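A quick write-up on the structure given underneath.
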Amino acid sequence: MEFRNLLKEVLQTDYINAAFIVDRHGYPIAHQTRRDLDSDETLAVQLCAVQGAIDCLGSQLHLGEGRQFMLEFTGGIVMCASLTPDLLLVVIAAPSATLGLFRTFFSSFLSRFAKEANLHEEVAR
């Protein structure tokens, strides 16, 4: 299964508005969305900048690299996880989503995305 199919499956959940795979350099690999967002490139760069800041914080606190983070905004929730050292999964939920339920939902897809990410990186080599 490829990223696009997995992302489509994620968007079958009512409260999910968008899902992205981006690399750590700010390049969008794949995405699916229900609503208009800024350009994929701009969003990918911003997400990577946030991940970089979280990694810096982890280093400063002697906790290592950030593996996952969740941000709650008035307009929705963003969950991000490292699939590989180079690829990030980002899922955006509606503000009506329950934090715990969204976290559980997100975690249920991580291993499938990580498997696809490892295949993606093998092909890229």
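Residue numbering restarts at 1 in every chain; chains get A, B, ... in the order shown in the structure tokens, and ligands count up from 1 in that same order.
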All strand (DSSP E or B) positions in chain A, as a CSV table (one decimal) with C-alpha atoms, in the first residue's frame:
chain,number,residue,atom,x,y,z
A,16,ILE,CA,-9.9,14.3,10.4
A,17,ASN,CA,-9.4,17.3,8.1
A,18,ALA,CA,-6.0,16.6,6.6
A,19,ALA,CA,-3.1,14.2,6.6
A,20,PHE,CA,0.4,14.7,5.3
A,21,ILE,CA,3.7,12.9,4.9
A,22,VAL,CA,6.6,15.4,4.7
A,23,ASP,CA,10.3,15.0,4.8
A,28,PRO,CA,5.7,17.3,0.9
A,29,ILE,CA,5.7,13.6,-0.1
A,30,ALA,CA,1.9,13.0,-0.1
A,31,HIS,CA,-1.2,14.5,1.3
A,32,GLN,CA,-5.0,14.3,1.5
A,33,THR,CA,-7.2,17.1,2.8
A,68,GLN,CA,5.6,12.7,18.6
A,69,PHE,CA,3.9,15.9,19.4
A,70,MET,CA,0.3,17.2,19.7
A,71,LEU,CA,-0.7,20.8,19.4
A,72,GLU,CA,-4.2,22.0,20.3
A,73,PHE,CA,-5.4,25.2,18.6
A,76,GLY,CA,-8.2,22.1,15.5
A,77,ILE,CA,-5.6,19.6,16.7
A,78,VAL,CA,-2.3,18.7,15.0
A,79,MET,CA,-0.6,15.4,15.7
A,80,CYS,CA,2.9,14.7,14.3
A,81,ALA,CA,5.2,11.7,14.5
A,82,SER,CA,8.5,10.7,13.1
A,87,LEU,CA,9.9,11.4,7.2
A,88,LEU,CA,7.1,12.9,9.4
A,89,LEU,CA,3.4,12.0,9.5
A,90,VAL,CA,1.1,14.9,10.3
A,91,VAL,CA,-2.7,14.6,10.9
A,92,ILE,CA,-5.0,17.5,11.5
A,93,ALA,CA,-8.3,17.0,13.3
Which residues, written as a short mmCIF file (atom, residue, chain, number, x, y, z; two decimals) with N, CA and C atoms, in the first residue's frame, have at least one atom at most 6 Å from segment 94-102 of chain A, with only C-alpha atoms counted and residues fewer than 4 positions away on the same chain left out?
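selection_36.cif was written with the following content:
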data_model
loop_
_atom_site.label_atom_id
_atom_site.label_comp_id
_atom_site.auth_asym_id
_atom_site.auth_seq_id
_atom_site.Cartn_x
_atom_site.Cartn_y
_atom_site.Cartn_z
N TYR A 15 -13.78 13.31 11.91
CA TYR A 15 -13.16 14.49 12.51
C TYR A 15 -11.76 14.79 11.98
N GLY A 75 -8.87 26.15 16.41
CA GLY A 75 -9.49 25.64 15.19
C GLY A 75 -9.20 24.19 14.88
N GLY A 76 -8.52 23.48 15.78
CA GLY A 76 -8.24 22.07 15.53
C GLY A 76 -7.03 21.56 16.28
N PHE A 106 -4.59 8.04 16.04
CA PHE A 106 -3.31 8.34 15.41
C PHE A 106 -2.32 7.20 15.63
#
From a DSSP calculation on the backbone, collect every residue of chain A in alpha helix (DSSP H) and output the set as a ChimeraX atom specification.
-> /A:3-10,40-60,99-124
Close residues, Glu116 of chain A itself excluded, 12 Å, only C-alpha atoms, min 2 positions apart in chain, as a VMD selection string = chain A and resid 1 to 7 21 83 to 84 87 to 89 109 to 114 118 to 123
What separates atom CA of Pro85 of chain A and atom CA of Gly58 of chain A is a distance of 15.0 Å
